[in-house]
$ cat run-v6.tsv   # TSV, C-alpha atoms
chain	number	residue	atom	x	y	z
A	192	MET	CA	-2.78	-15.66	-31.30
A	193	ARG	CA	-5.83	-15.81	-29.03
A	194	ALA	CA	-6.04	-13.18	-26.31
A	195	PHE	CA	-8.62	-11.64	-23.99
A	196	LEU	CA	-8.94	-8.00	-25.00
A	197	LEU	CA	-10.62	-5.66	-22.53
A	198	ARG	CA	-12.33	-2.84	-24.46
A	199	ARG	CA	-14.69	-1.57	-21.72
A	200	HIS	CA	-14.79	-1.87	-17.95
A	201	GLY	CA	-17.54	-3.95	-16.39
A	202	ALA	CA	-18.66	-7.52	-15.74
A	203	PRO	CA	-16.53	-10.62	-16.51
A	204	ALA	CA	-18.27	-10.92	-19.89
A	205	ARG	CA	-16.35	-7.79	-20.94
A	206	LEU	CA	-13.35	-10.09	-21.40
A	207	SER	CA	-13.70	-11.16	-25.02
A	208	LEU	CA	-11.54	-13.82	-26.66
A	209	THR	CA	-10.03	-12.22	-29.76
A	210	ASP	CA	-7.55	-13.10	-32.49
A	211	LEU	CA	-4.59	-10.72	-32.42
A	212	PRO	CA	-1.24	-10.70	-34.21
A	213	ASP	CA	1.63	-12.30	-32.30
A	214	PRO	CA	3.61	-9.55	-30.54
A	215	GLU	CA	7.17	-9.04	-31.74
A	216	PRO	CA	9.99	-8.59	-29.21
A	217	GLY	CA	11.87	-5.32	-29.45
A	218	PRO	CA	15.40	-4.56	-28.29
A	219	GLY	CA	16.07	-6.14	-24.90
A	220	GLN	CA	12.79	-8.08	-24.96
A	221	VAL	CA	11.73	-11.72	-25.25
A	222	ARG	CA	8.49	-13.31	-26.41
A	223	VAL	CA	7.08	-16.08	-24.25
A	224	ARG	CA	4.73	-18.69	-25.68
A	225	VAL	CA	2.32	-18.97	-22.76
A	226	GLU	CA	1.39	-22.35	-21.27
A	227	ALA	CA	-0.52	-21.18	-18.18
A	228	VAL	CA	-1.72	-17.92	-16.64
A	229	GLY	CA	-2.05	-17.10	-12.93
A	230	LEU	CA	-5.15	-15.11	-11.97
A	231	ASN	CA	-4.84	-12.17	-9.54
A	232	TYR	CA	-7.51	-10.16	-7.75
A	233	ALA	CA	-5.88	-6.98	-9.05
A	234	GLU	CA	-7.00	-8.07	-12.53
A	235	VAL	CA	-10.58	-8.29	-11.31
A	236	LEU	CA	-10.31	-4.72	-10.06
A	237	SER	CA	-8.69	-3.67	-13.35
A	238	ARG	CA	-11.55	-5.18	-15.32
A	239	ARG	CA	-14.00	-3.23	-13.20
A	240	GLY	CA	-12.09	0.03	-13.67
A	241	LEU	CA	-11.02	0.24	-10.01
A	242	TYR	CA	-7.27	-0.26	-10.32
A	243	GLY	CA	-4.87	2.63	-10.64
A	244	TRP	CA	-1.96	0.64	-12.08
A	245	ALA	CA	-3.94	-0.54	-15.12
A	246	PRO	CA	-3.05	0.83	-18.56
A	247	ARG	CA	-5.44	2.70	-20.86
A	248	LEU	CA	-8.17	0.77	-22.65
A	249	PRO	CA	-8.15	-1.32	-24.76
A	250	TYR	CA	-5.54	-3.74	-23.47
A	251	VAL	CA	-4.90	-7.41	-22.76
A	252	PRO	CA	-4.93	-7.92	-18.95
A	253	GLY	CA	-2.78	-10.42	-17.09
A	254	MET	CA	0.19	-9.97	-14.76
A	255	GLU	CA	1.83	-13.40	-14.63
A	256	ALA	CA	2.31	-16.45	-16.79
A	257	THR	CA	4.67	-19.29	-17.52
A	258	GLY	CA	5.86	-20.73	-20.81
A	259	ARG	CA	8.85	-20.97	-23.12
A	260	ILE	CA	10.78	-18.21	-24.85
A	261	ASP	CA	10.19	-18.47	-28.60
A	262	GLY	CA	11.52	-15.09	-29.76
A	263	VAL	CA	14.23	-12.65	-28.71
A	264	GLY	CA	14.93	-9.05	-29.65
A	265	ASP	CA	18.21	-7.32	-30.35
A	266	GLY	CA	20.64	-7.46	-27.46
A	267	VAL	CA	19.20	-10.65	-25.96
A	268	ASP	CA	21.29	-13.82	-25.87
A	269	PRO	CA	19.84	-16.19	-28.53
A	270	SER	CA	20.59	-19.13	-26.25
A	271	ARG	CA	17.53	-18.11	-24.24
A	272	LEU	CA	15.30	-19.50	-26.98
A	273	GLY	CA	13.40	-22.50	-25.63
A	274	ALA	CA	14.01	-21.64	-21.96
A	275	ARG	CA	11.18	-22.32	-19.51
A	276	VAL	CA	10.38	-19.08	-17.70
A	277	VAL	CA	7.89	-17.31	-15.47
A	278	VAL	CA	7.00	-13.70	-16.17
A	279	GLY	CA	5.66	-10.82	-14.15
A	280	THR	CA	4.33	-7.80	-16.02
A	281	GLN	CA	1.78	-4.98	-15.85
A	282	TYR	CA	-0.51	-6.46	-18.52
A	283	GLY	CA	-0.55	-8.76	-21.54
A	284	ALA	CA	-0.50	-12.25	-19.98
A	285	TYR	CA	-4.09	-13.21	-20.93
A	286	ALA	CA	-2.77	-14.34	-24.30
A	287	GLU	CA	-1.06	-17.21	-26.08
A	288	ALA	CA	2.09	-15.07	-26.30
A	289	VAL	CA	3.41	-12.14	-24.28
A	290	VAL	CA	6.42	-9.87	-24.75
A	291	VAL	CA	8.37	-8.71	-21.68
A	292	GLY	CA	11.76	-7.26	-20.90
A	293	ASP	CA	14.48	-9.88	-20.73
A	294	ALA	CA	14.96	-9.27	-16.98
A	295	ARG	CA	11.27	-10.04	-16.33
A	296	ALA	CA	11.48	-13.53	-17.82
A	297	LEU	CA	12.87	-15.53	-14.90
A	298	PRO	CA	13.84	-19.22	-14.87
A	299	ALA	CA	10.94	-21.53	-14.06
A	300	MET	CA	11.29	-24.05	-11.24
A	301	ASP	CA	12.28	-27.33	-12.91
A	302	ALA	CA	10.71	-29.58	-10.27
A	303	TRP	CA	7.35	-27.80	-10.36
A	304	SER	CA	4.37	-28.32	-12.60
A	305	VAL	CA	3.29	-25.76	-15.19
A	306	GLU	CA	0.41	-24.76	-12.89
A	307	GLU	CA	2.70	-24.28	-9.87
A	308	ASN	CA	5.05	-22.08	-11.88
A	309	ALA	CA	2.13	-19.95	-13.09
A	310	ALA	CA	1.03	-19.51	-9.48
A	311	PHE	CA	4.40	-18.36	-8.21
A	312	PRO	CA	5.70	-14.93	-9.33
A	313	VAL	CA	3.15	-12.32	-8.21
A	314	ASN	CA	1.65	-13.84	-5.07
A	315	TRP	CA	4.84	-15.27	-3.62
A	316	MET	CA	6.96	-12.22	-4.32
A	317	THR	CA	4.23	-10.04	-2.77
A	318	ALA	CA	4.18	-12.19	0.38
A	319	TRP	CA	7.99	-12.24	0.52
A	320	VAL	CA	8.32	-8.46	0.16
A	321	CYS	CA	5.61	-7.83	2.77
A	322	LEU	CA	6.96	-10.20	5.40
A	323	MET	CA	10.72	-10.28	4.89
A	324	GLU	CA	11.45	-6.81	3.52
A	325	MET	CA	8.74	-4.53	4.84
A	326	ALA	CA	7.99	-6.16	8.21
A	327	ARG	CA	11.55	-7.51	8.70
A	328	LEU	CA	10.16	-10.77	10.00
A	329	ARG	CA	11.90	-12.58	12.87
A	330	PRO	CA	11.37	-16.24	13.84
A	331	SER	CA	10.09	-15.08	17.24
A	332	ASP	CA	7.27	-13.03	15.68
A	333	ARG	CA	3.59	-13.80	15.85
A	334	VAL	CA	2.08	-13.17	12.42
A	335	LEU	CA	-1.55	-12.45	11.54
A	336	ILE	CA	-2.51	-13.07	7.90
A	337	SER	CA	-5.81	-11.91	6.42
A	338	PRO	CA	-7.14	-13.30	4.23
A	339	ALA	CA	-5.05	-16.45	4.56
A	340	ALA	CA	-6.75	-18.68	1.98
A	341	GLY	CA	-5.97	-16.87	-1.29
A	342	GLY	CA	-2.85	-16.82	-3.41
A	343	VAL	CA	-0.89	-14.29	-1.34
A	344	GLY	CA	-2.37	-15.59	1.93
A	345	THR	CA	-1.37	-19.23	1.41
A	346	ALA	CA	2.11	-18.10	0.35
A	347	ALA	CA	2.39	-15.97	3.50
A	348	VAL	CA	1.22	-18.82	5.76
A	349	LEU	CA	3.86	-21.13	4.28
A	350	ILE	CA	6.65	-18.55	4.43
A	351	ALA	CA	5.92	-17.43	8.00
A	352	SER	CA	5.34	-20.92	9.41
A	353	ARG	CA	8.47	-22.37	7.76
A	354	PHE	CA	10.45	-19.38	9.00
A	355	GLY	CA	9.52	-20.41	12.54
A	356	CYS	CA	6.80	-17.87	13.32
A	357	ASP	CA	3.58	-18.42	15.25
A	358	VAL	CA	0.79	-17.85	12.69
A	359	LEU	CA	-2.77	-16.59	13.16
A	360	ALA	CA	-4.97	-16.95	10.09
A	361	LEU	CA	-8.22	-15.25	9.08
A	362	ALA	CA	-10.42	-16.48	6.25
A	363	GLY	CA	-14.02	-16.11	5.12
A	364	SER	CA	-15.32	-19.67	5.53
A	365	ASP	CA	-14.83	-22.69	7.78
A	366	GLU	CA	-13.87	-24.84	4.78
A	367	LYS	CA	-11.05	-22.45	3.88
A	368	LEU	CA	-9.90	-22.33	7.51
A	369	ALA	CA	-9.63	-26.13	7.64
A	370	ARG	CA	-7.32	-26.05	4.61
A	371	VAL	CA	-5.24	-23.20	6.00
A	372	ARG	CA	-4.84	-24.98	9.35
A	373	ALA	CA	-3.53	-28.06	7.56
A	374	LEU	CA	-1.26	-25.93	5.38
A	375	GLY	CA	0.49	-24.23	8.28
A	376	ASP	CA	-0.07	-27.00	10.87
A	377	LEU	CA	-2.04	-24.49	12.94
A	378	PRO	CA	-4.07	-25.29	16.08
A	379	PRO	CA	-7.84	-24.59	15.90
A	380	HIS	CA	-7.63	-21.38	17.96
A	381	ALA	CA	-5.12	-19.95	15.46
A	382	ALA	CA	-7.63	-19.78	12.58
A	383	LEU	CA	-10.74	-17.59	12.67
A	384	ASN	CA	-13.63	-17.05	10.26
A	385	TYR	CA	-13.99	-13.28	9.86
A	386	ARG	CA	-17.58	-13.72	8.70
A	387	ALA	CA	-18.66	-15.64	11.80
A	388	PRO	CA	-20.37	-13.91	14.75
A	389	GLY	CA	-18.00	-13.03	17.57
A	390	TRP	CA	-14.78	-13.37	15.59
A	391	THR	CA	-13.47	-9.95	16.64
A	392	GLU	CA	-13.91	-10.86	20.30
A	393	ALA	CA	-12.12	-14.19	19.69
A	394	LEU	CA	-9.21	-12.37	18.03
A	395	ALA	CA	-9.07	-9.87	20.88
A	396	ARG	CA	-8.87	-12.76	23.37
A	397	GLU	CA	-6.00	-14.27	21.40
A	398	ALA	CA	-4.21	-10.92	21.38
A	399	SER	CA	-4.75	-10.48	25.14
A	400	HIS	CA	-2.59	-13.58	25.73
A	401	ARG	CA	0.03	-12.47	23.25
A	402	GLY	CA	-0.30	-9.65	20.78
A	403	VAL	CA	0.50	-9.75	17.09
A	404	ASP	CA	3.96	-8.60	16.03
A	405	VAL	CA	3.23	-8.52	12.28
A	406	ALA	CA	-0.11	-8.31	10.47
A	407	LEU	CA	-0.27	-8.83	6.71
A	408	GLU	CA	-3.65	-7.33	5.85
A	409	MET	CA	-5.41	-7.39	2.47
A	410	VAL	CA	-9.12	-7.08	3.30
A	411	GLY	CA	-9.67	-3.62	4.78
A	412	GLY	CA	-12.70	-2.37	6.71
A	413	ASP	CA	-13.52	-4.17	9.96
A	414	VAL	CA	-10.86	-6.83	9.33
A	415	PHE	CA	-8.12	-4.21	9.11
A	416	ARG	CA	-9.35	-2.47	12.26
A	417	ALA	CA	-9.44	-5.74	14.21
A	418	ALA	CA	-5.98	-6.68	12.96
A	419	THR	CA	-4.47	-3.37	14.06
A	420	ASP	CA	-6.23	-3.59	17.44
A	421	ALA	CA	-4.45	-6.93	17.94
A	422	LEU	CA	-0.97	-5.44	17.41
A	423	ALA	CA	1.50	-5.72	20.26
A	424	PRO	CA	3.82	-2.84	21.17
A	425	LEU	CA	6.36	-2.46	18.33
A	426	GLY	CA	3.93	-4.33	16.07
A	427	ARG	CA	3.67	-3.44	12.39
A	428	VAL	CA	0.91	-3.93	9.87
A	429	VAL	CA	1.70	-4.29	6.16
A	430	VAL	CA	-1.11	-3.51	3.74
A	431	ALA	CA	-0.91	-5.26	0.37
A	432	GLY	CA	-4.50	-4.95	-0.81
A	433	TYR	CA	-8.06	-3.88	-0.13
A	434	ALA	CA	-10.30	-6.81	-1.08
A	435	ALA	CA	-13.36	-5.20	0.53
A	436	LEU	CA	-13.10	-2.33	-1.96
A	437	ASP	CA	-16.44	-2.15	-3.72
A	438	TYR	CA	-17.81	0.98	-5.29
A	439	ALA	CA	-19.80	1.91	-8.36
A	440	LEU	CA	-18.21	4.50	-10.61
A	441	TRP	CA	-21.39	6.60	-10.70
A	442	ASN	CA	-22.59	6.17	-7.11
A	443	PRO	CA	-21.15	8.75	-4.66
A	444	LEU	CA	-22.58	6.86	-1.65
A	445	SER	CA	-20.52	3.82	-2.60
A	446	TRP	CA	-17.43	6.06	-2.76
A	447	LEU	CA	-18.07	7.07	0.86
A	448	ARG	CA	-18.34	3.42	1.94
A	449	ALA	CA	-15.11	2.62	0.13
A	450	TRP	CA	-13.34	5.58	1.74
A	451	ARG	CA	-14.51	4.58	5.22
A	452	GLY	CA	-13.27	1.02	4.75
A	453	MET	CA	-9.86	2.05	3.43
A	454	PRO	CA	-6.97	0.80	5.61
A	455	ARG	CA	-5.49	3.70	7.59
A	456	MET	CA	-3.88	4.43	10.96
A	457	SER	CA	-3.44	7.84	12.58
A	458	LEU	CA	-0.01	9.05	13.61
A	459	ASP	CA	-1.34	9.66	17.12
A	460	ARG	CA	-2.47	6.04	17.42
A	461	MET	CA	0.84	4.72	16.11
A	462	LEU	CA	2.77	6.98	18.49
A	463	LYS	CA	0.83	5.93	21.59
A	464	ARG	CA	0.96	2.20	20.77
A	465	SER	CA	4.44	2.15	19.20
A	466	ASN	CA	2.99	0.58	16.07
A	467	GLY	CA	3.79	1.12	12.43
A	468	MET	CA	1.91	0.85	9.14
A	469	LEU	CA	3.63	-0.02	5.88
A	470	SER	CA	2.39	-0.73	2.39
A	471	THR	CA	3.73	-2.09	-0.87
A	472	HIS	CA	2.64	-2.72	-4.45
A	473	LEU	CA	4.74	-5.21	-6.39
A	474	GLY	CA	4.00	-3.54	-9.71
A	475	TYR	CA	5.88	-0.39	-8.81
A	476	LEU	CA	8.87	-2.47	-7.69
A	477	LEU	CA	9.17	-4.28	-11.01
A	478	LYS	CA	11.00	-1.37	-12.62
A	479	ASP	CA	13.73	-1.52	-9.96
A	480	THR	CA	15.77	-4.30	-11.49
A	481	ALA	CA	18.44	-4.10	-8.77
A	482	VAL	CA	15.91	-4.73	-5.98
A	483	MET	CA	14.06	-7.46	-7.89
A	484	GLY	CA	17.35	-9.04	-8.91
A	485	ARG	CA	18.24	-9.37	-5.23
A	486	LEU	CA	14.85	-10.52	-3.95
A	487	TRP	CA	14.05	-13.21	-6.52
A	488	PRO	CA	17.03	-15.48	-5.71
A	489	GLU	CA	16.30	-15.10	-2.00
A	490	LEU	CA	12.68	-16.21	-2.50
A	491	VAL	CA	13.67	-19.12	-4.75
A	492	ALA	CA	16.33	-20.27	-2.28
A	493	PHE	CA	13.83	-20.15	0.61
A	494	THR	CA	11.10	-22.11	-1.17
A	495	SER	CA	13.57	-24.68	-2.48
A	496	GLY	CA	15.34	-25.02	0.85
A	497	HIS	CA	12.08	-25.60	2.72
A	498	GLY	CA	10.50	-27.84	0.09
A	499	ILE	CA	7.38	-25.69	-0.25
A	500	ARG	CA	5.29	-25.10	-3.37
A	501	PRO	CA	2.49	-22.75	-4.41
A	502	VAL	CA	-1.03	-23.85	-3.51
A	503	VAL	CA	-2.96	-24.30	-6.77
A	504	GLY	CA	-6.60	-24.54	-5.80
A	505	HIS	CA	-8.29	-24.52	-9.21
A	506	VAL	CA	-7.21	-25.14	-12.81
A	507	LEU	CA	-9.47	-24.01	-15.67
A	508	PRO	CA	-9.15	-23.89	-19.46
A	509	PHE	CA	-7.91	-20.59	-20.90
A	510	ALA	CA	-11.23	-20.01	-22.70
A	511	ASP	CA	-12.98	-19.95	-19.29
A	512	MET	CA	-11.31	-16.68	-18.22
A	513	PRO	CA	-14.63	-14.83	-17.68
A	514	ALA	CA	-15.87	-17.72	-15.52
A	515	ALA	CA	-12.59	-17.66	-13.58
A	516	HIS	CA	-13.09	-13.96	-12.83
A	517	GLU	CA	-16.63	-14.67	-11.69
A	518	PHE	CA	-15.40	-17.49	-9.46
A	519	MET	CA	-12.72	-15.30	-7.86
A	520	GLU	CA	-15.26	-12.55	-7.19
A	521	SER	CA	-17.56	-15.07	-5.51
A	522	ARG	CA	-14.93	-15.53	-2.76
A	523	ARG	CA	-15.37	-19.30	-3.04
A	524	SER	CA	-11.89	-19.98	-4.42
A	525	TYR	CA	-8.97	-21.30	-2.40
A	526	GLY	CA	-5.30	-20.86	-3.18
A	527	LYS	CA	-4.41	-19.86	-6.72
A	528	ILE	CA	-6.66	-19.99	-9.80
A	529	VAL	CA	-4.62	-21.03	-12.85
A	530	LEU	CA	-5.74	-21.18	-16.48
A	531	ARG	CA	-4.07	-23.61	-18.89
A	532	VAL	CA	-3.50	-22.24	-22.38
$ encode --input "run-v6.tsv" --output "structure tokens"
Amino acid sequence: MRAFLLRRHGAPARLSLTDLPDPEPGPGQVRVRVEAVGLNYAEVLSRRGLYGWAPRLPYVPGMEATGRIDGVGDGVDPSRLGARVVVGTQYGAYAEAVVVGDARALPAMDAWSVEENAAFPVNWMTAWVCLMEMARLRPSDRVLISPAAGGVGTAAVLIASRFGCDVLALAGSDEKLARVRALGDLPPHAALNYRAPGWTEALAREASHRGVDVALEMVGGDVFRAATDALAPLGRVVVAGYAALDYALWNPLSWLRAWRGMPRMSLDRMLKRSNGMLSTHLGYLLKDTAVMGRLWPELVAFTSGHGIRPVVGHVLPFADMPAAHEFMESRRSYGKIVLRV
């Protein structure tokens, strides 16, 4: 099979297309013949050596894919052969075949395209866990999402708006904001460009009329600080990423910048403002099959019941994986980047 094997950390060109033997499923495992791969920013950080959940080198990156089961190990029902599934895993999806535990190969959505299915597992489950489980979202809540134009952000905008919440969206360009406004049917004042002059003052004005009950924050630095300043009493911020993280492994000054921009709130501040800070990482939840077994049907039922689908912004050929990484790092992408195998 063809796969992108990462032997050394560094630039996108470090991802080299290699011929590897097809993996064989062991007991309790299935092999999925991959049709499309969803790209995640965590994989960019992994490639650069900045991601703690990554395995040891060398390895095949990739956390989500969709395809059909073409092999089963001992203890797996043979009737699963041929089933369309989506998979979430720690690594291995940048390949024409991936082996995962049987419980991690979940039924694909029949009415969705291959690309939509590839865009679903990681981003949508992350948004669902952050909003519904961590923040305990209520229809009366006002929700701030930053950034709102990526894979998790577009999922969060759709979930929160369909749940009945008032949504405020932050993104890094006016073009992205126009798309996000249309996605969540947001008024102009509810979408702000966090790279434009005066955006923090504009957000503060919005919060002075009515504060934010829930902030889903994935940028860090000044964006995180502005989001937490906008919290209303009893407001909670959920951190699911740190996109502004940027440091060189051998540059101590860059470590200091990264540390200063890291999302954090002091206990004293939370006490005085009656605010809370929560955080989650989907990868560490994957091993809890009881929790994931409960959450997945809830997410599927919500998306199906509200007729919403993942936002696939860009589809590229599998061989263009290094270019896809470069594109994601450029911050010019919108929605989900999917690669067809």
$ closest_residue --input "run-v6.tsv" --among "A:Gly411, A:Gly355, A:Pro246, A:Gly467" --to "Ala326 of chain A" --atoms "only C-alpha atoms"
A:Gly467
$ atom_distance --input "run-v6.tsv" --atom1 "atom CA of Val371 of chain A" --atom2 "atom CA of Val348 of chain A"
7.8 Å
$ closest_atom_pairs --input "run-v6.tsv" --of "segment 293-391 of chain A" --to "segment 211-225 of chain A" --cutoff "10 Å" --atoms "all atoms listed in the file" --output "Markdown table"
| residue | atom | partner | partner_atom | distance |
| --- | --- | --- | --- | --- |
| A:Asp293 | CA | A:Gln220 | CA | 4.9 |
| A:Ala294 | CA | A:Gln220 | CA | 8.4 |
| A:Arg295 | CA | A:Gln220 | CA | 9.0 |
| A:Ala296 | CA | A:Val221 | CA | 7.7 |
| A:Ala309 | CA | A:Val225 | CA | 9.7 |
$ atom_distance --input "run-v6.tsv" --atom1 "atom CA of Thr494 of chain A" --atom2 "atom CA of Ala310 of chain A"
13.3 Å
$ atom_distance --input "run-v6.tsv" --atom1 "atom CA of Gly474 of chain A" --atom2 "atom CA of Val428 of chain A"
19.8 Å
$ residues_around --input "run-v6.tsv" --residues "Ser465 of chain A" --least-positions-apart "2" --cutoff "9 Å" --atoms "only C-alpha atoms" --output "PyMOL selection string"
chain A and resi 423-427+460-463+467
